[in-house]
>>> print(open('my_file-v3.pdb').read())   # PDB, C-alpha atoms, pLDDT in the B column
ATOM      1  CA  ALA O   1     -45.081 -20.134 -21.138  1.00 75.00           C
ATOM      2  CA  GLN O   2     -41.825 -21.986 -21.377  1.00 85.00           C
ATOM      3  CA  THR O   3     -40.172 -22.650 -24.718  1.00 93.00           C
ATOM      4  CA  VAL O   4     -37.309 -24.919 -25.662  1.00 96.00           C
ATOM      5  CA  THR O   5     -35.278 -24.406 -28.822  1.00 97.00           C
ATOM      6  CA  GLN O   6     -32.863 -26.762 -30.510  1.00 97.00           C
ATOM      7  CA  SER O   7     -31.231 -24.918 -33.381  1.00 95.00           C
ATOM      8  CA  GLN O   8     -29.439 -27.903 -34.900  1.00 96.00           C
ATOM      9  CA  PRO O   9     -31.835 -30.094 -36.896  1.00 96.00           C
ATOM     10  CA  GLU O  10     -29.028 -32.529 -37.690  1.00 97.00           C
ATOM     11  CA  MET O  11     -25.551 -33.288 -36.420  1.00 98.00           C
ATOM     12  CA  SER O  12     -23.001 -35.918 -37.301  1.00 97.00           C
ATOM     13  CA  VAL O  13     -19.942 -37.318 -35.590  1.00 98.00           C
ATOM     14  CA  GLN O  14     -17.300 -39.933 -36.233  1.00 98.00           C
ATOM     15  CA  GLU O  15     -17.265 -42.954 -34.009  1.00 97.00           C
ATOM     16  CA  ALA O  16     -15.098 -42.383 -30.904  1.00 97.00           C
ATOM     17  CA  GLU O  17     -15.216 -38.604 -31.357  1.00 98.00           C
ATOM     18  CA  THR O  18     -17.043 -36.018 -29.254  1.00 98.00           C
ATOM     19  CA  VAL O  19     -20.148 -34.108 -30.266  1.00 98.00           C
ATOM     20  CA  THR O  20     -22.133 -31.345 -28.587  1.00 98.00           C
ATOM     21  CA  LEU O  21     -25.834 -30.766 -29.092  1.00 98.00           C
ATOM     22  CA  SER O  22     -27.240 -27.338 -28.289  1.00 98.00           C
ATOM     23  CA  CYS O  23     -30.404 -26.299 -26.501  1.00 98.00           C
ATOM     24  CA  THR O  24     -31.715 -22.979 -25.273  1.00 98.00           C
ATOM     25  CA  TYR O  25     -34.850 -22.335 -23.304  1.00 97.00           C
ATOM     26  CA  ASP O  26     -36.943 -19.485 -22.081  1.00 96.00           C
ATOM     27  CA  THR O  27     -38.583 -19.317 -18.688  1.00 92.00           C
ATOM     28  CA  SER O  28     -39.369 -16.755 -16.033  1.00 90.00           C
ATOM     29  CA  GLU O  29     -39.002 -19.287 -13.250  1.00 88.00           C
ATOM     30  CA  SER O  30     -35.896 -19.727 -11.150  1.00 88.00           C
ATOM     31  CA  ASP O  31     -36.370 -23.375 -10.285  1.00 90.00           C
ATOM     32  CA  TYR O  32     -36.899 -26.029 -12.911  1.00 92.00           C
ATOM     33  CA  TYR O  33     -35.485 -29.209 -14.424  1.00 92.00           C
ATOM     34  CA  LEU O  34     -33.895 -29.823 -17.779  1.00 95.00           C
ATOM     35  CA  PHE O  35     -33.504 -33.113 -19.585  1.00 95.00           C
ATOM     36  CA  TRP O  36     -32.073 -34.757 -22.627  1.00 97.00           C
ATOM     37  CA  TYR O  37     -34.074 -37.612 -24.087  1.00 96.00           C
ATOM     38  CA  LYS O  38     -32.893 -40.009 -26.761  1.00 97.00           C
ATOM     39  CA  GLN O  39     -35.267 -41.450 -29.329  1.00 96.00           C
ATOM     40  CA  PRO O  40     -33.696 -44.250 -31.395  1.00 95.00           C
ATOM     41  CA  PRO O  41     -35.423 -45.715 -34.452  1.00 91.00           C
ATOM     42  CA  SER O  42     -37.400 -47.977 -32.115  1.00 89.00           C
ATOM     43  CA  ARG O  43     -39.302 -44.788 -31.086  1.00 91.00           C
ATOM     44  CA  GLN O  44     -38.730 -45.429 -27.394  1.00 90.00           C
ATOM     45  CA  MET O  45     -38.125 -42.196 -25.473  1.00 93.00           C
ATOM     46  CA  ILE O  46     -35.148 -42.801 -23.205  1.00 93.00           C
ATOM     47  CA  LEU O  47     -34.063 -40.400 -20.489  1.00 92.00           C
ATOM     48  CA  VAL O  48     -30.361 -39.687 -20.945  1.00 96.00           C
ATOM     49  CA  ILE O  49     -29.589 -37.075 -18.324  1.00 95.00           C
ATOM     50  CA  ARG O  50     -31.269 -34.671 -15.949  1.00 93.00           C
ATOM     51  CA  GLN O  51     -30.170 -31.305 -14.555  1.00 94.00           C
ATOM     52  CA  GLU O  52     -31.709 -29.448 -11.647  1.00 92.00           C
ATOM     53  CA  ALA O  53     -31.544 -25.695 -12.094  1.00 92.00           C
ATOM     54  CA  TYR O  54     -30.617 -25.007  -8.487  1.00 91.00           C
ATOM     55  CA  LYS O  55     -27.518 -27.162  -8.804  1.00 90.00           C
ATOM     56  CA  GLN O  56     -24.485 -25.407 -10.206  1.00 85.00           C
ATOM     57  CA  GLN O  57     -22.647 -28.633 -10.882  1.00 93.00           C
ATOM     58  CA  ASN O  58     -23.178 -30.004 -14.363  1.00 95.00           C
ATOM     59  CA  ALA O  59     -24.772 -33.443 -14.515  1.00 94.00           C
ATOM     60  CA  THR O  60     -22.782 -36.378 -15.874  1.00 95.00           C
ATOM     61  CA  GLU O  61     -23.857 -39.887 -16.822  1.00 94.00           C
ATOM     62  CA  ASN O  62     -20.965 -41.972 -18.104  1.00 96.00           C
ATOM     63  CA  ARG O  63     -20.145 -40.627 -21.602  1.00 97.00           C
ATOM     64  CA  PHE O  64     -22.897 -38.018 -21.439  1.00 98.00           C
ATOM     65  CA  SER O  65     -22.454 -34.659 -19.762  1.00 97.00           C
ATOM     66  CA  VAL O  66     -24.141 -31.298 -19.898  1.00 98.00           C
ATOM     67  CA  ASN O  67     -23.011 -27.708 -19.903  1.00 97.00           C
ATOM     68  CA  PHE O  68     -25.683 -25.827 -18.005  1.00 97.00           C
ATOM     69  CA  GLN O  69     -25.470 -22.046 -18.231  1.00 96.00           C
ATOM     70  CA  LYS O  70     -28.402 -20.738 -16.202  1.00 95.00           C
ATOM     71  CA  ALA O  71     -27.896 -17.057 -16.898  1.00 94.00           C
ATOM     72  CA  ALA O  72     -27.669 -17.699 -20.606  1.00 96.00           C
ATOM     73  CA  LYS O  73     -30.516 -20.232 -20.458  1.00 96.00           C
ATOM     74  CA  SER O  74     -28.386 -22.704 -22.316  1.00 97.00           C
ATOM     75  CA  PHE O  75     -28.239 -26.463 -21.820  1.00 97.00           C
ATOM     76  CA  SER O  76     -25.977 -28.400 -24.162  1.00 98.00           C
ATOM     77  CA  LEU O  77     -25.304 -32.135 -24.240  1.00 98.00           C
ATOM     78  CA  LYS O  78     -21.824 -33.490 -24.822  1.00 98.00           C
ATOM     79  CA  ILE O  79     -21.401 -37.065 -25.950  1.00 98.00           C
ATOM     80  CA  SER O  80     -17.859 -38.350 -25.583  1.00 98.00           C
ATOM     81  CA  ASP O  81     -16.395 -41.400 -27.300  1.00 98.00           C
ATOM     82  CA  SER O  82     -19.434 -41.587 -29.584  1.00 98.00           C
ATOM     83  CA  GLN O  83     -20.717 -45.039 -30.406  1.00 97.00           C
ATOM     84  CA  LEU O  84     -22.861 -46.301 -33.246  1.00 97.00           C
ATOM     85  CA  GLY O  85     -25.640 -46.939 -30.755  1.00 96.00           C
ATOM     86  CA  ASP O  86     -25.768 -43.229 -29.951  1.00 97.00           C
ATOM     87  CA  ALA O  87     -27.357 -42.528 -33.318  1.00 97.00           C
ATOM     88  CA  ALA O  88     -30.838 -41.220 -32.599  1.00 97.00           C
ATOM     89  CA  MET O  89     -33.014 -38.163 -32.319  1.00 97.00           C
ATOM     90  CA  TYR O  90     -32.178 -36.186 -29.198  1.00 98.00           C
ATOM     91  CA  PHE O  91     -34.699 -33.980 -27.465  1.00 97.00           C
ATOM     92  CA  CYS O  92     -34.077 -31.292 -24.917  1.00 97.00           C
ATOM     93  CA  ALA O  93     -36.931 -30.895 -22.454  1.00 95.00           C
ATOM     94  CA  TYR O  94     -38.019 -28.652 -19.594  1.00 94.00           C
ATOM     95  CA  ARG O  95     -40.326 -29.123 -16.680  1.00 91.00           C
ATOM     96  CA  ARG O  96     -41.325 -27.111 -13.680  1.00 87.00           C
ATOM     97  CA  PRO O  97     -40.508 -28.351 -10.183  1.00 80.00           C
ATOM     98  CA  GLY O  98     -42.926 -30.096  -7.910  1.00 71.00           C
ATOM     99  CA  GLY O  99     -44.522 -33.494  -7.824  1.00 62.00           C
ATOM    100  CA  THR O 100     -47.503 -32.408  -9.859  1.00 64.00           C
ATOM    101  CA  SER O 101     -45.241 -31.458 -12.764  1.00 66.00           C
ATOM    102  CA  TYR O 102     -43.513 -34.795 -13.228  1.00 67.00           C
ATOM    103  CA  GLY O 103     -44.126 -35.839 -16.796  1.00 71.00           C
ATOM    104  CA  LYS O 104     -45.381 -32.399 -17.898  1.00 84.00           C
ATOM    105  CA  LEU O 105     -42.559 -31.780 -20.289  1.00 91.00           C
ATOM    106  CA  THR O 106     -41.962 -29.089 -22.862  1.00 93.00           C
ATOM    107  CA  PHE O 107     -39.803 -30.448 -25.651  1.00 95.00           C
ATOM    108  CA  GLY O 108     -37.529 -28.883 -28.203  1.00 96.00           C
ATOM    109  CA  GLN O 109     -37.807 -29.782 -31.864  1.00 95.00           C
ATOM    110  CA  GLY O 110     -35.111 -32.422 -31.709  1.00 96.00           C
ATOM    111  CA  THR O 111     -31.674 -32.988 -33.248  1.00 97.00           C
ATOM    112  CA  ILE O 112     -30.948 -36.006 -35.399  1.00 97.00           C
ATOM    113  CA  LEU O 113     -27.518 -37.384 -34.563  1.00 98.00           C
ATOM    114  CA  THR O 114     -25.728 -39.562 -37.093  1.00 98.00           C
ATOM    115  CA  VAL O 115     -22.661 -41.531 -36.043  1.00 97.00           C
ATOM    116  CA  HIS O 116     -20.260 -42.517 -38.814  1.00 97.00           C
ATOM    117  CA  PRO O 117     -18.085 -45.623 -38.399  1.00 95.00           C
TER     118      PRO O 117
ATOM    119  CA  ASP V   1     -42.055 -54.127 -14.227  1.00 63.00           C
ATOM    120  CA  ALA V   2     -42.654 -54.254 -17.967  1.00 78.00           C
ATOM    121  CA  GLY V   3     -42.763 -50.496 -18.277  1.00 93.00           C
ATOM    122  CA  VAL V   4     -45.501 -48.471 -19.911  1.00 96.00           C
ATOM    123  CA  ILE V   5     -47.331 -50.639 -22.395  1.00 97.00           C
ATOM    124  CA  GLN V   6     -49.145 -49.203 -25.376  1.00 97.00           C
ATOM    125  CA  SER V   7     -51.272 -50.933 -27.954  1.00 97.00           C
ATOM    126  CA  PRO V   8     -51.426 -51.220 -30.825  1.00 97.00           C
ATOM    127  CA  ARG V   9     -47.922 -50.393 -32.011  1.00 96.00           C
ATOM    128  CA  HIS V  10     -49.225 -49.481 -35.419  1.00 97.00           C
ATOM    129  CA  GLU V  11     -52.694 -48.550 -36.563  1.00 97.00           C
ATOM    130  CA  VAL V  12     -53.862 -47.805 -40.063  1.00 98.00           C
ATOM    131  CA  THR V  13     -57.421 -46.643 -40.466  1.00 97.00           C
ATOM    132  CA  GLU V  14     -59.620 -44.919 -42.957  1.00 97.00           C
ATOM    133  CA  MET V  15     -60.736 -41.367 -42.580  1.00 97.00           C
ATOM    134  CA  GLY V  16     -63.940 -41.131 -40.610  1.00 97.00           C
ATOM    135  CA  GLN V  17     -63.357 -44.248 -38.580  1.00 97.00           C
ATOM    136  CA  GLU V  18     -63.060 -44.361 -34.815  1.00 97.00           C
ATOM    137  CA  VAL V  19     -59.610 -45.085 -33.421  1.00 98.00           C
ATOM    138  CA  THR V  20     -58.820 -46.161 -29.869  1.00 98.00           C
ATOM    139  CA  LEU V  21     -55.313 -46.168 -28.481  1.00 98.00           C
ATOM    140  CA  ARG V  22     -54.575 -47.971 -25.247  1.00 98.00           C
ATOM    141  CA  CYS V  23     -52.105 -47.540 -22.431  1.00 98.00           C
ATOM    142  CA  LYS V  24     -51.169 -49.467 -19.315  1.00 98.00           C
ATOM    143  CA  PRO V  25     -49.042 -47.338 -16.977  1.00 97.00           C
ATOM    144  CA  ILE V  26     -46.382 -48.581 -14.620  1.00 95.00           C
ATOM    145  CA  SER V  27     -47.900 -49.994 -11.472  1.00 94.00           C
ATOM    146  CA  GLY V  28     -47.805 -47.473  -8.652  1.00 92.00           C
ATOM    147  CA  HIS V  29     -47.569 -44.443 -10.893  1.00 92.00           C
ATOM    148  CA  ASP V  30     -50.410 -42.043 -10.267  1.00 91.00           C
ATOM    149  CA  TYR V  31     -49.820 -39.673 -13.185  1.00 92.00           C
ATOM    150  CA  LEU V  32     -50.530 -40.573 -16.789  1.00 95.00           C
ATOM    151  CA  PHE V  33     -49.788 -38.436 -19.817  1.00 95.00           C
ATOM    152  CA  TRP V  34     -50.713 -38.603 -23.489  1.00 97.00           C
ATOM    153  CA  TYR V  35     -48.321 -36.954 -25.946  1.00 97.00           C
ATOM    154  CA  ARG V  36     -48.468 -36.616 -29.710  1.00 97.00           C
ATOM    155  CA  GLN V  37     -45.430 -36.432 -31.972  1.00 96.00           C
ATOM    156  CA  THR V  38     -45.600 -34.978 -35.468  1.00 95.00           C
ATOM    157  CA  MET V  39     -43.004 -33.580 -37.836  1.00 90.00           C
ATOM    158  CA  MET V  40     -44.657 -30.179 -37.838  1.00 89.00           C
ATOM    159  CA  ARG V  41     -45.373 -29.721 -34.144  1.00 89.00           C
ATOM    160  CA  GLY V  42     -42.887 -32.026 -32.478  1.00 91.00           C
ATOM    161  CA  LEU V  43     -43.855 -33.551 -29.142  1.00 94.00           C
ATOM    162  CA  GLU V  44     -46.835 -31.957 -27.466  1.00 93.00           C
ATOM    163  CA  LEU V  45     -48.779 -32.846 -24.361  1.00 94.00           C
ATOM    164  CA  LEU V  46     -52.413 -33.604 -25.057  1.00 96.00           C
ATOM    165  CA  ILE V  47     -53.823 -34.442 -21.638  1.00 96.00           C
ATOM    166  CA  TYR V  48     -52.772 -35.783 -18.287  1.00 94.00           C
ATOM    167  CA  PHE V  49     -54.450 -37.576 -15.415  1.00 94.00           C
ATOM    168  CA  ASN V  50     -53.755 -37.752 -11.702  1.00 92.00           C
ATOM    169  CA  ASN V  51     -55.295 -40.612  -9.763  1.00 93.00           C
ATOM    170  CA  ASN V  52     -57.465 -41.370 -12.799  1.00 95.00           C
ATOM    171  CA  VAL V  53     -58.887 -37.840 -12.919  1.00 95.00           C
ATOM    172  CA  PRO V  54     -58.186 -35.617 -15.944  1.00 94.00           C
ATOM    173  CA  ILE V  55     -56.288 -32.574 -14.727  1.00 91.00           C
ATOM    174  CA  ASP V  56     -55.395 -30.649 -17.856  1.00 90.00           C
ATOM    175  CA  ASP V  57     -56.788 -31.343 -21.306  1.00 93.00           C
ATOM    176  CA  SER V  58     -55.846 -28.018 -22.827  1.00 91.00           C
ATOM    177  CA  GLY V  59     -53.623 -29.749 -25.346  1.00 92.00           C
ATOM    178  CA  MET V  60     -56.401 -31.829 -26.849  1.00 95.00           C
ATOM    179  CA  PRO V  61     -56.699 -30.452 -30.357  1.00 90.00           C
ATOM    180  CA  GLU V  62     -60.419 -30.882 -31.006  1.00 90.00           C
ATOM    181  CA  ASP V  63     -63.586 -32.372 -29.646  1.00 93.00           C
ATOM    182  CA  ARG V  64     -62.926 -35.370 -31.839  1.00 96.00           C
ATOM    183  CA  PHE V  65     -60.294 -36.349 -29.298  1.00 97.00           C
ATOM    184  CA  SER V  66     -61.245 -37.814 -25.946  1.00 97.00           C
ATOM    185  CA  ALA V  67     -59.345 -39.635 -23.228  1.00 98.00           C
ATOM    186  CA  LYS V  68     -60.423 -41.732 -20.306  1.00 97.00           C
ATOM    187  CA  MET V  69     -58.811 -43.467 -17.394  1.00 98.00           C
ATOM    188  CA  PRO V  70     -61.362 -45.827 -15.863  1.00 97.00           C
ATOM    189  CA  ASN V  71     -58.854 -47.263 -13.391  1.00 96.00           C
ATOM    190  CA  ALA V  72     -55.255 -46.945 -12.294  1.00 95.00           C
ATOM    191  CA  SER V  73     -53.996 -49.486 -14.785  1.00 95.00           C
ATOM    192  CA  PHE V  74     -55.654 -48.460 -18.021  1.00 97.00           C
ATOM    193  CA  SER V  75     -56.227 -45.416 -20.180  1.00 98.00           C
ATOM    194  CA  THR V  76     -57.568 -44.837 -23.664  1.00 98.00           C
ATOM    195  CA  LEU V  77     -57.253 -42.071 -26.194  1.00 98.00           C
ATOM    196  CA  LYS V  78     -60.037 -42.053 -28.734  1.00 98.00           C
ATOM    197  CA  ILE V  79     -60.351 -40.161 -31.985  1.00 98.00           C
ATOM    198  CA  GLN V  80     -63.787 -40.058 -33.572  1.00 97.00           C
ATOM    199  CA  PRO V  81     -64.000 -39.413 -36.454  1.00 97.00           C
ATOM    200  CA  SER V  82     -60.376 -39.691 -37.495  1.00 97.00           C
ATOM    201  CA  GLU V  83     -58.834 -37.445 -40.154  1.00 97.00           C
ATOM    202  CA  PRO V  84     -55.586 -37.711 -42.134  1.00 97.00           C
ATOM    203  CA  ARG V  85     -54.074 -34.837 -40.138  1.00 96.00           C
ATOM    204  CA  ASP V  86     -54.361 -36.979 -37.003  1.00 97.00           C
ATOM    205  CA  SER V  87     -51.604 -39.189 -38.378  1.00 97.00           C
ATOM    206  CA  ALA V  88     -48.820 -39.107 -35.792  1.00 97.00           C
ATOM    207  CA  VAL V  89     -47.073 -41.115 -33.123  1.00 97.00           C
ATOM    208  CA  TYR V  90     -48.994 -41.078 -29.858  1.00 98.00           C
ATOM    209  CA  PHE V  91     -47.081 -41.672 -26.656  1.00 97.00           C
ATOM    210  CA  CYS V  92     -48.323 -42.554 -23.240  1.00 97.00           C
ATOM    211  CA  ALA V  93     -46.129 -41.841 -20.213  1.00 95.00           C
ATOM    212  CA  SER V  94     -46.543 -42.389 -16.503  1.00 93.00           C
ATOM    213  CA  SER V  95     -44.875 -41.012 -13.402  1.00 89.00           C
ATOM    214  CA  SER V  96     -45.260 -40.525  -9.695  1.00 85.00           C
ATOM    215  CA  VAL V  97     -44.401 -37.640  -7.400  1.00 79.00           C
ATOM    216  CA  THR V  98     -40.952 -39.117  -6.933  1.00 78.00           C
ATOM    217  CA  THR V  99     -40.062 -40.342 -10.408  1.00 78.00           C
ATOM    218  CA  GLU V 100     -39.577 -38.827 -13.808  1.00 84.00           C
ATOM    219  CA  ALA V 101     -41.854 -39.895 -16.602  1.00 88.00           C
ATOM    220  CA  PHE V 102     -41.401 -43.229 -18.303  1.00 91.00           C
ATOM    221  CA  PHE V 103     -42.642 -43.421 -21.860  1.00 94.00           C
ATOM    222  CA  GLY V 104     -44.239 -46.254 -23.747  1.00 95.00           C
ATOM    223  CA  GLN V 105     -43.056 -47.198 -27.204  1.00 94.00           C
ATOM    224  CA  GLY V 106     -45.786 -45.215 -28.864  1.00 96.00           C
ATOM    225  CA  THR V 107     -48.517 -45.990 -31.346  1.00 97.00           C
ATOM    226  CA  ARG V 108     -47.950 -44.933 -34.925  1.00 97.00           C
ATOM    227  CA  LEU V 109     -51.322 -43.902 -36.321  1.00 98.00           C
ATOM    228  CA  THR V 110     -51.878 -43.511 -40.023  1.00 98.00           C
ATOM    229  CA  VAL V 111     -55.230 -42.218 -41.258  1.00 98.00           C
ATOM    230  CA  VAL V 112     -55.762 -42.676 -44.982  1.00 97.00           C
TER     231      VAL V 112
END
>>> encode(input="my_file-v3.pdb", output="structure tokens")
Amino acid sequence: AQTVTQSQPEMSVQEAETVTLSCTYDTSESDYYLFWYKQPPSRQMILVIRQEAYKQQNATENRFSVNFQKAAKSFSLKISDSQLGDAAMYFCAYRRPGGTSYGKLTFGQGTILTVHP
Amino acid sequence: DAGVIQSPRHEVTEMGQEVTLRCKPISGHDYLFWYRQTMMRGLELLIYFNNNVPIDDSGMPEDRFSAKMPNASFSTLKIQPSEPRDSAVYFCASSSVTTEAFFGQGTRLTVV
């Protein structure tokens, strides 16, 4: 079974600074997808970024980027130019490939990110 | 599209009562998932459906939990009888074979 571990229960950052959230995972599969989801106080789960394991290039979405280290099974999220609206719980998640696996996600425990003005 | 719609947003009930949570998936999505979020266990998949058929219910904690999907636009998660340890946020999500899952805003259930 796959497991996802987020070792940082809480992180904080000053507005406009950069912060990195860590995630490690365990799987015996070679093909899979990794995600970062954001959960603000509204509870809505929002997909931030997605990484396909077969792609060596790290995914980037505006101020959000990942550092994907497949051999180390590490998947960190970097938030640049942090904004107050980035404050939320962030979840790392894993899923297997294939259409039947869409939505079957294994989540980490989450990291609460606080952004200080 | 309005996204995945869940109701109610909040539910407070007494122990022993029946609770029904509702979900309307995104039109055209043929997969529907129920997740539960608690402080102790985090986010865990309870059950998922494909084309209205339950595919994997191995995450359903007990027989007190049941889920149905009578048609492509509606699903329910029922707890009978409810217990305080069922207190959690329950999420519904939907997807298709070409899209990642979209989540509803969740139902916060409190059993007193």
>>> interface_residues(input="my_file-v3.pdb", of="chain O", to="chain V", cutoff="8 Å", atoms="all atoms listed in the file", output="number ranges by chain")
O: 42-46, 98-100, 102-110
>>> closest_residue(input="my_file-v3.pdb", among="O:Ala53, O:Leu77, O:Cys92, O:Ala72", to="O:Thr5", atoms="only C-alpha atoms")
O:Cys92
>>> atom_distance(input="my_file-v3.pdb", atom1="atom CA of V:Ala2", atom2="atom CA of V:Gln37")
22.8 Å
>>> closest_residue(input="my_file-v3.pdb", among="V:Thr20, V:Met15, V:Pro25, V:Val4", to="V:Ala67", atoms="all atoms listed in the file")
V:Thr20
>>> residues_around(input="my_file-v3.pdb", residues="stretch 48-52 of chain O", least_positions_apart="4", cutoff="8 Å", atoms="all atoms listed in the file", output="PyMOL selection string")
chain O and resi 31-38+58-61+64-65+68
>>> residues_around(input="my_file-v3.pdb", residues="V:Ser27", least_positions_apart="4", cutoff="9 Å", atoms="all atoms listed in the file", output="PyMOL selection string")
chain V and resi 1+3-4+72-73
>>> atom_distance(input="my_file-v3.pdb", atom1="atom CA of O:Lys70", atom2="atom CA of O:Phe91")
18.5 Å
>>> atom_distance(input="my_file-v3.pdb", atom1="atom CA of V:Glu83", atom2="atom CA of V:Ser7")
19.7 Å
>>> resolve_selection(input="my_file-v3.pdb", expression="the PyMOL selection byres ((chain O and resi 10) around 8)", output="PDB file with C-alpha atoms, in the frame of the given file")
ATOM      1  CA  GLN O   8     -29.439 -27.903 -34.900  1.00 96.00           C
ATOM      2  CA  PRO O   9     -31.835 -30.094 -36.896  1.00 96.00           C
ATOM      3  CA  MET O  11     -25.551 -33.288 -36.420  1.00 98.00           C
ATOM      4  CA  SER O  12     -23.001 -35.918 -37.301  1.00 97.00           C
ATOM      5  CA  THR O 111     -31.674 -32.988 -33.248  1.00 97.00           C
ATOM      6  CA  ILE O 112     -30.948 -36.006 -35.399  1.00 97.00           C
ATOM      7  CA  LEU O 113     -27.518 -37.384 -34.563  1.00 98.00           C
ATOM      8  CA  THR O 114     -25.728 -39.562 -37.093  1.00 98.00           C
TER       9      THR O 114
END
>>> closest_residue(input="my_file-v3.pdb", among="O:Cys23, O:Gln57, O:Ala71, O:Ala16", to="O:Gly85", atoms="all atoms listed in the file")
O:Ala16
>>> resolve_selection(input="my_file-v3.pdb", expression="the PyMOL selection byres ((chain V and resi 10) around 7)", output="list in words")
Pro8, Arg9, Glu11, Val12, Thr107, Arg108 and Leu109 of chain V
>>> closest_residue(input="my_file-v3.pdb", among="V:Thr110, V:Ser58, V:Gln17, V:Asn51", to="V:Phe74", atoms="all atoms listed in the file")
V:Asn51
>>> resolve_selection(input="my_file-v3.pdb", expression="the PyMOL selection byres ((chain O and resi 21) around 6)", output="ChimeraX atom specification")
/O:20,22,76-77
>>> closest_residue(input="my_file-v3.pdb", among="V:Met69, V:Leu46, V:Ile55, V:Met60", to="V:Arg22", atoms="all atoms listed in the file")
V:Met69
>>> axis_aligned_box(input="my_file-v3.pdb", around="stretch 46-60 of chain O", padding_each_side="5 Å", output="JSON")
{"center_x": -28.9, "center_y": -33.9, "center_z": -15.8, "size_x": 22.5, "size_y": 27.8, "size_z": 24.7}
>>> closest_residue(input="my_file-v3.pdb", among="O:Asp81, O:Tyr54, O:Glu29, O:Pro41", to="O:Pro117", atoms="all atoms listed in the file")
O:Asp81
>>> decode(input="my_file-v3.pdb", residues="stretch 94-107 of chain V", atoms="C-alpha atoms", output="PDB file, in the first residue's frame")
ATOM      1  CA  SER V  94     -16.276  13.481  -8.501  1.00  0.00           C
ATOM      2  CA  SER V  95     -14.085  12.837 -11.515  1.00  0.00           C
ATOM      3  CA  SER V  96     -13.994  11.299 -14.943  1.00  0.00           C
ATOM      4  CA  VAL V  97     -11.367   9.262 -16.753  1.00  0.00           C
ATOM      5  CA  THR V  98      -9.864  12.474 -18.063  1.00  0.00           C
ATOM      6  CA  THR V  99     -10.092  14.808 -15.085  1.00  0.00           C
ATOM      7  CA  GLU V 100      -8.735  14.930 -11.587  1.00  0.00           C
ATOM      8  CA  ALA V 101     -11.154  14.874  -8.710  1.00  0.00           C
ATOM      9  CA  PHE V 102     -13.127  17.948  -7.778  1.00  0.00           C
ATOM     10  CA  PHE V 103     -14.199  18.159  -4.168  1.00  0.00           C
ATOM     11  CA  GLY V 104     -17.323  19.566  -2.618  1.00  0.00           C
ATOM     12  CA  GLN V 105     -17.145  21.893   0.347  1.00  0.00           C
ATOM     13  CA  GLY V 106     -17.790  19.106   2.787  1.00  0.00           C
ATOM     14  CA  THR V 107     -20.334  18.463   5.495  1.00  0.00           C
TER      15      THR V 107
END
